[in-house]
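What's in query05.csv: CSV, C-alpha atoms
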```
chain,number,residue,atom,x,y,z
A,242,MET,CA,88.6,68.0,115.3
A,243,PRO,CA,91.5,69.9,113.7
A,244,ARG,CA,89.1,71.4,111.1
A,245,VAL,CA,86.8,72.7,113.8
A,246,SER,CA,89.6,74.4,115.6
A,247,ALA,CA,90.9,75.9,112.3
A,248,ARG,CA,87.6,77.7,111.5
A,249,PRO,CA,88.1,80.9,113.4
A,250,ALA,CA,91.6,81.3,111.9
A,251,ARG,CA,90.1,80.8,108.4
A,252,ARG,CA,87.4,83.4,109.1
A,253,GLY,CA,90.2,85.7,110.1
A,254,ARG,CA,92.1,85.1,106.9
A,255,TRP,CA,89.0,85.7,104.8
A,256,SER,CA,88.2,88.9,106.6
A,257,ALA,CA,91.8,90.0,106.0
A,258,PHE,CA,91.5,89.1,102.4
A,259,VAL,CA,88.3,91.0,101.9
A,260,ALA,CA,89.8,94.0,103.7
A,261,LEU,CA,92.9,93.8,101.5
A,262,VAL,CA,90.8,93.8,98.3
A,263,LEU,CA,88.7,96.8,99.7
A,264,VAL,CA,91.9,98.7,100.6
A,265,ALA,CA,93.3,98.1,97.1
A,266,VAL,CA,90.1,99.0,95.3
A,267,MET,CA,89.2,102.0,97.5
A,268,ALA,CA,92.7,103.4,97.7
A,269,ASP,CA,92.8,107.1,97.1
A,270,ASP,CA,94.2,107.2,93.6
A,271,LEU,CA,93.9,110.8,92.4
A,272,GLY,CA,97.2,110.3,90.6
A,273,ALA,CA,99.3,111.4,93.5
A,274,GLU,CA,102.6,109.6,93.7
A,275,TYR,CA,102.7,106.8,96.2
A,276,ALA,CA,103.7,108.2,99.6
A,277,ASP,CA,102.9,111.8,98.8
A,278,VAL,CA,101.9,113.4,102.1
A,279,VAL,CA,99.6,116.4,102.5
A,280,LEU,CA,99.9,118.6,105.6
A,281,ASN,CA,97.1,121.0,106.1
A,282,LYS,CA,96.7,121.3,109.9
A,283,ARG,CA,97.4,125.0,109.9
A,284,ALA,CA,98.3,126.1,106.4
A,285,GLU,CA,95.0,127.0,104.9
A,286,ARG,CA,93.7,128.4,108.1
A,287,GLU,CA,96.7,130.7,108.0
A,288,GLY,CA,96.0,131.7,104.4
A,289,MET,CA,98.5,129.5,102.6
A,290,ARG,CA,98.2,126.5,100.3
A,291,PRO,CA,98.4,123.1,102.0
A,292,VAL,CA,101.9,121.6,102.1
A,293,VAL,CA,102.7,118.7,99.8
A,294,PHE,CA,105.6,116.7,101.3
A,295,PRO,CA,106.9,114.1,98.7
A,296,HIS,CA,108.1,111.3,101.0
A,297,TRP,CA,109.5,109.4,98.0
A,298,PHE,CA,111.7,112.4,97.0
A,299,HIS,CA,113.1,112.8,100.5
A,300,ARG,CA,114.0,109.1,100.9
A,301,ILE,CA,116.2,109.3,97.9
A,302,ARG,CA,118.4,111.8,99.8
A,303,PHE,CA,117.8,110.8,103.5
A,304,ARG,CA,117.2,107.6,105.3
A,305,CYS,CA,114.0,107.3,107.3
A,306,LYS,CA,116.0,107.6,110.6
A,307,VAL,CA,117.2,111.1,109.8
A,308,CYS,CA,113.7,112.7,110.0
A,309,HIS,CA,112.0,110.1,112.1
A,310,SER,CA,114.7,109.9,114.7
A,311,GLU,CA,117.0,112.9,114.6
A,312,LEU,CA,114.4,115.5,113.6
A,313,GLY,CA,111.6,114.1,115.8
A,314,PHE,CA,109.0,113.5,113.1
A,315,GLU,CA,106.4,111.0,114.3
A,316,MET,CA,105.6,108.0,112.0
A,317,ARG,CA,102.1,109.4,111.3
A,318,ALA,CA,101.2,112.1,108.9
A,319,GLY,CA,100.3,115.3,110.6
A,320,ALA,CA,101.2,114.0,114.1
A,321,ASN,CA,103.6,116.8,114.8
A,322,ASP,CA,102.3,120.2,115.6
A,323,VAL,CA,104.8,122.0,113.4
A,324,THR,CA,104.7,125.8,113.2
A,325,MET,CA,106.5,128.0,110.8
A,326,ASP,CA,108.2,129.7,113.7
A,327,GLU,CA,109.8,126.4,114.7
A,328,ILE,CA,110.9,125.7,111.1
A,329,THR,CA,112.4,129.2,110.9
A,330,GLN,CA,114.3,128.5,114.1
A,331,GLY,CA,115.8,125.4,112.6
A,332,LYS,CA,113.5,122.7,113.9
A,333,PHE,CA,111.8,120.0,111.9
A,334,CYS,CA,111.9,120.9,108.2
A,335,GLY,CA,114.1,123.9,109.1
A,336,MET,CA,116.9,121.5,110.0
A,337,CYS,CA,117.6,121.1,106.3
A,338,HIS,CA,115.5,123.9,104.6
A,339,ASN,CA,117.9,126.6,105.6
A,340,ASP,CA,119.6,127.5,102.3
A,341,GLU,CA,122.5,125.2,103.2
A,342,ILE,CA,121.2,121.7,102.7
A,343,ALA,CA,118.0,122.6,100.9
A,344,TRP,CA,116.2,125.7,99.9
A,345,GLY,CA,115.4,128.2,102.6
A,346,VAL,CA,112.1,129.0,104.3
A,347,ASP,CA,111.6,132.1,102.1
A,348,ASN,CA,110.5,129.8,99.2
A,349,CYS,CA,107.0,129.6,100.7
A,350,ASP,CA,105.3,128.4,97.5
A,351,LEU,CA,107.6,125.4,96.9
A,352,CYS,CA,106.3,123.6,100.0
A,353,HIS,CA,102.9,125.3,100.2
A,354,SER,CA,102.0,123.9,96.7
A,355,GLY,CA,98.9,121.9,97.3
A,356,ARG,CA,95.4,122.3,95.9
A,357,PRO,CA,93.1,124.2,98.3
A,358,GLY,CA,90.9,122.1,100.4
A,359,LEU,CA,93.1,119.0,100.7
A,360,ARG,CA,93.0,117.0,103.9
A,361,SER,CA,96.1,116.0,105.7
A,362,GLY,CA,97.2,112.4,105.1
A,363,ILE,CA,99.0,110.0,102.9
A,364,TYR,CA,98.0,110.0,99.2
A,365,GLY,CA,98.9,107.7,96.3
A,366,GLY,CA,97.5,104.2,95.6
A,367,HIS,CA,97.6,101.1,97.7
A,368,GLN,CA,97.5,102.8,101.0
A,369,THR,CA,96.4,101.4,104.3
A,370,LEU,CA,95.3,104.9,105.3
A,371,GLY,CA,97.0,104.0,108.7
A,372,PRO,CA,99.5,106.7,108.9
A,373,GLY,CA,96.9,109.3,108.0
A,374,ARG,CA,94.2,108.0,110.3
A,375,TRP,CA,93.6,109.4,113.8
B,1189,MET,CA,91.5,63.8,109.6
B,1190,THR,CA,92.9,63.9,106.1
B,1191,TYR,CA,91.8,66.2,103.3
B,1192,GLY,CA,89.6,64.8,100.6
B,1193,ALA,CA,89.7,65.6,96.9
B,1194,CYS,CA,87.0,68.3,97.3
B,1195,ASP,CA,89.1,70.0,100.0
B,1196,VAL,CA,92.2,70.1,97.8
B,1197,LEU,CA,90.1,71.5,94.9
B,1198,ASN,CA,88.6,74.0,97.2
B,1199,ILE,CA,92.0,75.2,98.4
B,1200,SER,CA,93.3,75.4,94.8
B,1201,VAL,CA,90.3,77.4,93.6
B,1202,ARG,CA,90.7,79.8,96.5
B,1203,ARG,CA,94.4,80.3,95.8
B,1204,ILE,CA,93.7,81.0,92.1
B,1205,LEU,CA,90.9,83.4,93.0
B,1206,LEU,CA,93.1,85.2,95.5
B,1207,THR,CA,96.0,85.5,93.1
B,1208,LEU,CA,93.8,86.7,90.3
B,1209,THR,CA,92.0,89.3,92.4
B,1210,LEU,CA,95.2,90.8,93.8
B,1211,THR,CA,96.8,90.9,90.3
B,1212,LEU,CA,93.7,92.7,88.9
B,1213,CYS,CA,93.7,95.1,91.9
B,1214,THR,CA,97.4,95.9,91.4
B,1215,ALA,CA,97.0,96.3,87.7
B,1216,TRP,CA,94.0,98.5,88.0
B,1217,THR,CA,95.3,100.9,90.7
B,1218,HIS,CA,98.7,101.2,89.0
B,1219,ALA,CA,97.9,101.6,85.4
B,1220,GLY,CA,100.1,104.0,83.6
B,1221,GLU,CA,103.5,105.6,84.5
B,1222,TRP,CA,104.3,108.3,87.0
B,1223,LYS,CA,101.9,111.2,86.8
B,1224,SER,CA,103.3,114.7,86.4
B,1225,LEU,CA,102.9,117.1,89.2
B,1226,LEU,CA,100.5,119.1,87.0
B,1227,GLU,CA,98.0,116.3,86.8
B,1228,ASP,CA,98.5,114.5,90.1
B,1229,GLY,CA,95.4,115.9,91.7
B,1230,ILE,CA,97.1,117.3,94.8
B,1231,HIS,CA,99.4,120.1,93.5
B,1232,ASP,CA,97.7,123.4,92.7
B,1233,PRO,CA,98.1,123.7,88.9
B,1234,ALA,CA,97.9,127.5,89.3
B,1235,GLY,CA,100.8,127.6,91.8
B,1236,PRO,CA,104.4,128.6,90.9
B,1237,ALA,CA,105.9,125.3,92.2
B,1238,ILE,CA,104.8,123.2,89.3
B,1239,GLY,CA,107.5,124.3,87.0
B,1240,ILE,CA,110.2,124.1,89.7
B,1241,LEU,CA,109.7,120.9,91.7
B,1242,GLN,CA,111.3,117.7,90.5
B,1243,GLN,CA,108.9,115.5,88.6
B,1244,PRO,CA,108.4,111.9,89.9
B,1245,ALA,CA,109.4,110.4,86.6
B,1246,GLU,CA,112.7,112.2,86.6
B,1247,ALA,CA,113.5,111.1,90.2
B,1248,LEU,CA,112.2,107.6,90.2
B,1249,GLY,CA,112.6,106.5,86.5
B,1250,ILE,CA,116.3,105.9,86.9
B,1251,LEU,CA,116.0,103.6,89.9
B,1252,PRO,CA,115.5,99.8,89.9
B,1253,PRO,CA,112.0,99.1,88.7
B,1254,ASP,CA,109.2,97.5,90.6
B,1255,VAL,CA,105.6,96.8,89.6
B,1256,THR,CA,103.9,98.6,92.5
B,1257,GLY,CA,104.1,101.4,95.0
B,1258,ASN,CA,106.6,104.0,93.6
B,1259,LYS,CA,107.5,101.4,91.0
B,1260,VAL,CA,111.0,101.4,92.6
B,1261,ARG,CA,112.8,98.6,94.4
B,1262,TRP,CA,113.9,100.8,97.2
B,1263,ARG,CA,116.0,98.1,99.0
B,1264,LYS,CA,117.8,97.3,95.8
B,1265,ALA,CA,118.3,101.0,95.0
B,1266,LEU,CA,120.1,101.4,98.3
B,1267,GLU,CA,122.0,98.1,98.4
B,1268,ASP,CA,123.2,98.4,94.8
B,1269,GLY,CA,124.3,102.0,95.2
B,1270,TYR,CA,121.8,103.7,93.0
B,1271,ILE,CA,121.1,106.1,95.9
B,1272,ASN,CA,123.2,107.0,98.9
B,1273,PRO,CA,120.8,108.7,101.3
B,1274,ARG,CA,122.4,110.4,104.3
B,1275,ALA,CA,122.1,108.4,107.6
B,1276,SER,CA,122.5,111.4,109.9
B,1277,LEU,CA,122.7,115.1,110.1
B,1278,ALA,CA,124.6,115.6,113.4
B,1279,PRO,CA,128.1,114.2,113.4
B,1280,ASP,CA,127.7,112.6,116.8
B,1281,THR,CA,124.5,110.7,116.0
B,1282,ARG,CA,124.9,107.0,116.6
B,1283,ILE,CA,123.9,104.9,113.5
B,1284,ARG,CA,122.5,101.6,114.7
B,1285,GLN,CA,122.1,98.5,112.5
B,1286,LEU,CA,121.1,94.9,113.2
B,1287,ASP,CA,121.4,91.8,111.2
B,1288,THR,CA,119.1,89.2,112.6
B,1289,ASN,CA,116.0,87.5,111.1
B,1290,ILE,CA,112.7,86.7,112.8
B,1291,LEU,CA,110.5,83.8,111.6
B,1292,MET,CA,106.8,84.3,112.3
B,1293,ARG,CA,105.0,81.0,112.2
B,1294,ASN,CA,101.5,81.9,113.2
B,1295,THR,CA,100.3,82.5,109.6
B,1296,GLY,CA,97.5,80.1,109.0
B,1297,ASP,CA,97.6,78.6,105.5
B,1298,LEU,CA,100.0,81.1,104.2
B,1299,PRO,CA,103.8,80.7,104.2
B,1300,TYR,CA,105.7,81.8,107.3
B,1301,VAL,CA,106.8,85.4,107.5
B,1302,LEU,CA,110.5,86.1,107.5
B,1303,PHE,CA,111.3,89.6,108.9
B,1304,PRO,CA,114.9,90.7,108.1
B,1305,HIS,CA,116.3,93.4,110.4
B,1306,LYS,CA,119.1,94.3,108.1
B,1307,PRO,CA,117.3,96.1,105.3
B,1308,HIS,CA,115.0,97.7,107.8
B,1309,THR,CA,117.8,99.1,109.9
B,1310,GLU,CA,119.6,100.3,106.8
B,1311,TRP,CA,116.7,102.8,106.6
B,1312,LEU,CA,115.3,103.0,110.1
B,1313,ASP,CA,116.5,103.5,113.7
B,1314,CYS,CA,115.6,101.0,116.3
B,1315,SER,CA,113.5,103.6,118.1
B,1316,ASN,CA,111.2,104.0,115.1
B,1317,CYS,CA,109.7,100.6,115.7
B,1318,HIS,CA,110.7,99.7,119.3
B,1319,GLU,CA,109.0,99.8,121.7
B,1320,ARG,CA,106.0,101.8,120.5
B,1321,ILE,CA,105.0,99.7,117.5
B,1322,PHE,CA,106.7,96.4,118.3
B,1323,LYS,CA,108.0,95.0,121.5
B,1324,SER,CA,111.7,94.0,121.4
B,1325,LYS,CA,110.9,90.5,122.7
B,1326,THR,CA,110.2,88.2,119.8
B,1327,GLY,CA,106.5,87.0,119.8
B,1328,ALA,CA,105.4,89.5,122.4
B,1329,THR,CA,103.5,91.7,119.8
B,1330,PRO,CA,100.0,90.4,119.0
B,1331,MET,CA,99.8,91.1,115.3
B,1332,THR,CA,97.0,90.3,112.9
B,1333,MET,CA,96.7,90.9,109.2
B,1334,LEU,CA,93.5,92.9,109.8
B,1335,ALA,CA,95.3,95.3,112.2
B,1336,ILE,CA,98.2,95.6,109.6
B,1337,LEU,CA,95.7,96.4,106.9
B,1338,ASN,CA,94.3,99.0,109.2
B,1339,GLY,CA,97.6,100.7,109.3
B,1340,GLN,CA,99.0,99.3,112.5
B,1341,TYR,CA,102.2,97.3,113.0
B,1342,CYS,CA,103.9,96.6,109.6
B,1343,GLY,CA,101.0,98.6,108.0
B,1344,GLN,CA,102.3,101.8,109.4
B,1345,CYS,CA,104.8,101.9,106.6
B,1346,HIS,CA,103.9,99.0,104.3
B,1347,GLY,CA,100.9,100.3,102.3
B,1348,ALA,CA,101.8,103.9,102.8
B,1349,VAL,CA,105.5,104.5,102.1
B,1350,ALA,CA,107.1,101.1,101.7
B,1351,PHE,CA,106.0,98.3,99.3
B,1352,PRO,CA,102.2,97.7,99.6
B,1353,LEU,CA,100.3,95.0,101.3
B,1354,THR,CA,99.2,93.4,98.0
B,1355,GLU,CA,102.7,91.9,97.8
B,1356,CYS,CA,101.9,89.0,100.1
B,1357,GLY,CA,104.8,86.8,99.0
B,1358,ARG,CA,107.5,89.3,99.9
B,1359,CYS,CA,106.8,88.9,103.6
B,1360,HIS,CA,105.1,85.4,103.6
B,1361,SER,CA,108.2,84.0,102.0
B,1362,VAL,CA,109.0,80.8,103.8
B,1363,PRO,CA,106.9,77.7,103.0
B,1364,ALA,CA,106.1,75.8,106.2
B,1365,THR,CA,107.6,72.7,104.6
B,1366,GLU,CA,111.0,74.4,104.3
B,1367,ALA,CA,110.9,75.9,107.8
B,1368,GLY,CA,112.8,73.0,109.2
B,1369,ASN,CA,115.8,74.3,107.3
B,1370,ALA,CA,115.4,77.7,109.0
B,1371,ALA,CA,116.7,76.4,112.3
B,1372,SER,CA,119.3,79.1,112.4
B,1373,VAL,CA,116.7,81.8,112.1
B,1374,ARG,CA,116.2,83.7,115.3
```
Kindly present the structure from the file in structure tokens form.
Amino acid sequence: MPRVSARPARRGRWSAFVALVLVAVMADDLGAEYADVVLNKRAEREGMRPVVFPHWFHRIRFRCKVCHSELGFEMRAGANDVTMDEITQGKFCGMCHNDEIAWGVDNCDLCHSGRPGLRSGIYGGHQTLGPGRW
Amino acid sequence: MTYGACDVLNISVRRILLTLTLTLCTAWTHAGEWKSLLEDGIHDPAGPAIGILQQPAEALGILPPDVTGNKVRWRKALEDGYINPRASLAPDTRIRQLDTNILMRNTGDLPYVLFPHKPHTEWLDCSNCHERIFKSKTGATPMTMLAILNGQYCGQCHGAVAFPLTECGRCHSVPATEAGNAASVR
């Protein structure tokens, strides 16, 4: 009897395993660094390159809680409807990118540095695609 | 009902197959070192940023090495003082930390999952996970590995910005046979 009751759990585990292998194999691996984030909700529509946000670079300098709690960034790529106006007014990226903590907003091309045509989301290997999926 | 020799063999073969496949996947998707921004496929090679932005190898190469993800042991990097990232911007922001562990036993054949609050709250604020992703009440969040692989629950960070989901043993770290010794675990 215990084996019969264990079957659904086993099926679940095998499904999880197959999904894990598929995730690992199909992971978008252009060569982007793990946790590179592309933001292109508005950029290209407004005539700028997409933004590449290197998450790995920022976590060396700031703990997650600074951006995801104090600054109000959601835990999903592209979830916030951030405008350049808001950044210029000191919200979101503008809280640091103000020429005091980090370079100011007049350095457009340093953030807007992505290849044209990129979709918003998390890049780099081994991703669940979760944070970029809507 | 007891397991026969065939069952034991079957389980061993499955374990070996699982380990081998995951190892191959990890090796295949993480061959080579950090790519330069010029050849990472997402930066515009014609843009002016390429020569100015910090290269991944320069930033990550000096941190404790790992075999996967950013190839950095982020927890060790923080705990051993390799990095000292700011915990707040505003002087009056309350920095909250918690040092309790949670043992999750509903893990099928795999070892139990030990979730440590301490390293997580070193990085994250309580509100990043509670109550939207996880209920505060232990056991009240119905998690499955499939949902996690789909980017929910732990998969919101693990597999995207924190160590990937191919590292089963880092979460499934407590063999059921040793769980009796974990009586103090909350």
Go ahead and compute the interatomic distance for atom CA of B:Leu1248 and atom CA of A:Ile342, in Å to one decimal.
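Going from atom CA of B:Leu1248 over to atom CA of A:Ile342 covers 20.9 Å.
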Nearest to B:Ala1348, restricted to all atoms listed in the file and choosing among B:His1360, B:Pro1253, B:Arg1263, B:Ile1336, comes out as B:Ile1336
Excluding same-chain residues fewer than 4 positions from A:Val293, what lies within 12 Å of it counting all atoms listed in the file, as a PyMOL selection string?
(chain A and resi 273-274+276-281+284+289+297-299+318-319+349-357+359-364) or (chain B and resi 1225+1228-1232+1237-1238+1241)
How would the residues just picked look written out with C-alpha atoms as an mmCIF file, keeping the file's coordinate frame?
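File written: out14.cif
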```
data_model
loop_
_atom_site.group_PDB
_atom_site.id
_atom_site.type_symbol
_atom_site.label_atom_id
_atom_site.label_comp_id
_atom_site.auth_asym_id
_atom_site.auth_seq_id
_atom_site.Cartn_x
_atom_site.Cartn_y
_atom_site.Cartn_z
ATOM 1 C CA ALA A 273 99.300 111.400 93.500
ATOM 2 C CA GLU A 274 102.600 109.600 93.700
ATOM 3 C CA ALA A 276 103.700 108.200 99.600
ATOM 4 C CA ASP A 277 102.900 111.800 98.800
ATOM 5 C CA VAL A 278 101.900 113.400 102.100
ATOM 6 C CA VAL A 279 99.600 116.400 102.500
ATOM 7 C CA LEU A 280 99.900 118.600 105.600
ATOM 8 C CA ASN A 281 97.100 121.000 106.100
ATOM 9 C CA ALA A 284 98.300 126.100 106.400
ATOM 10 C CA MET A 289 98.500 129.500 102.600
ATOM 11 C CA TRP A 297 109.500 109.400 98.000
ATOM 12 C CA PHE A 298 111.700 112.400 97.000
ATOM 13 C CA HIS A 299 113.100 112.800 100.500
ATOM 14 C CA ALA A 318 101.200 112.100 108.900
ATOM 15 C CA GLY A 319 100.300 115.300 110.600
ATOM 16 C CA CYS A 349 107.000 129.600 100.700
ATOM 17 C CA ASP A 350 105.300 128.400 97.500
ATOM 18 C CA LEU A 351 107.600 125.400 96.900
ATOM 19 C CA CYS A 352 106.300 123.600 100.000
ATOM 20 C CA HIS A 353 102.900 125.300 100.200
ATOM 21 C CA SER A 354 102.000 123.900 96.700
ATOM 22 C CA GLY A 355 98.900 121.900 97.300
ATOM 23 C CA ARG A 356 95.400 122.300 95.900
ATOM 24 C CA PRO A 357 93.100 124.200 98.300
ATOM 25 C CA LEU A 359 93.100 119.000 100.700
ATOM 26 C CA ARG A 360 93.000 117.000 103.900
ATOM 27 C CA SER A 361 96.100 116.000 105.700
ATOM 28 C CA GLY A 362 97.200 112.400 105.100
ATOM 29 C CA ILE A 363 99.000 110.000 102.900
ATOM 30 C CA TYR A 364 98.000 110.000 99.200
ATOM 31 C CA LEU B 1225 102.900 117.100 89.200
ATOM 32 C CA ASP B 1228 98.500 114.500 90.100
ATOM 33 C CA GLY B 1229 95.400 115.900 91.700
ATOM 34 C CA ILE B 1230 97.100 117.300 94.800
ATOM 35 C CA HIS B 1231 99.400 120.100 93.500
ATOM 36 C CA ASP B 1232 97.700 123.400 92.700
ATOM 37 C CA ALA B 1237 105.900 125.300 92.200
ATOM 38 C CA ILE B 1238 104.800 123.200 89.300
ATOM 39 C CA LEU B 1241 109.700 120.900 91.700
#
```
For chain B against chain A, with a cut-off of 7 Å and counting all atoms listed in the file, what is the closest atom pair and its distance in Å to one decimal for every residue that makes the cut, ordered by chain and number, as CSV?
```
residue,atom,partner,partner_atom,distance
B:Leu1210,CA,A:Val262,CA,7.0
B:Cys1213,CA,A:Ala265,CA,6.0
B:Thr1217,CA,A:Gly366,CA,6.3
B:Lys1223,CA,A:Gly272,CA,6.1
B:Asp1228,CA,A:Gly272,CA,4.4
B:Gly1229,CA,A:Leu271,CA,5.4
B:Ile1230,CA,A:Arg356,CA,5.4
B:His1231,CA,A:Gly355,CA,4.2
B:Asp1232,CA,A:Arg356,CA,4.1
B:Gly1235,CA,A:Ser354,CA,6.3
B:Pro1236,CA,A:Asp350,CA,6.7
B:Ala1237,CA,A:Leu351,CA,5.0
B:Gly1257,CA,A:Tyr275,CA,5.7
B:Asn1258,CA,A:Tyr275,CA,5.5
B:Ile1271,CA,A:Ile301,CA,6.2
B:Asn1272,CA,A:Arg302,CA,6.8
B:Pro1273,CA,A:Arg302,CA,4.2
B:Arg1274,CA,A:Phe303,CA,4.7
B:Ala1275,CA,A:Arg304,CA,5.5
B:Ser1276,CA,A:Val307,CA,5.3
B:Leu1277,CA,A:Val307,CA,6.8
B:Gly1296,CA,A:Ala250,CA,6.7
B:Trp1311,CA,A:Arg304,CA,5.0
B:Leu1312,CA,A:Lys306,CA,4.7
B:Asp1313,CA,A:Lys306,CA,5.2
B:Asn1316,CA,A:His309,CA,6.8
B:Met1333,CA,A:Ala257,CA,5.9
B:Leu1334,CA,A:Ala257,CA,5.1
B:Leu1337,CA,A:Thr369,CA,5.7
B:Asn1338,CA,A:Gly371,CA,5.7
B:Gly1339,CA,A:Gly371,CA,3.4
B:Gln1340,CA,A:Gly371,CA,6.4
B:Gly1343,CA,A:Thr369,CA,6.5
B:Gln1344,CA,A:Pro372,CA,5.7
B:Gly1347,CA,A:Gln368,CA,4.4
B:Ala1348,CA,A:Gln368,CA,4.8
B:Val1349,CA,A:Ala276,CA,4.8
B:Pro1352,CA,A:His367,CA,6.0
```
So which one's closest to B:Pro1363, B:Thr1288, B:Thr1281, B:Thr1256, B:Thr1295? Using only C-alpha atoms, please.
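Checking each of B:Thr1288, B:Thr1281, B:Thr1256, B:Thr1295 against B:Pro1363, counting only C-alpha atoms, the winner is B:Thr1295.
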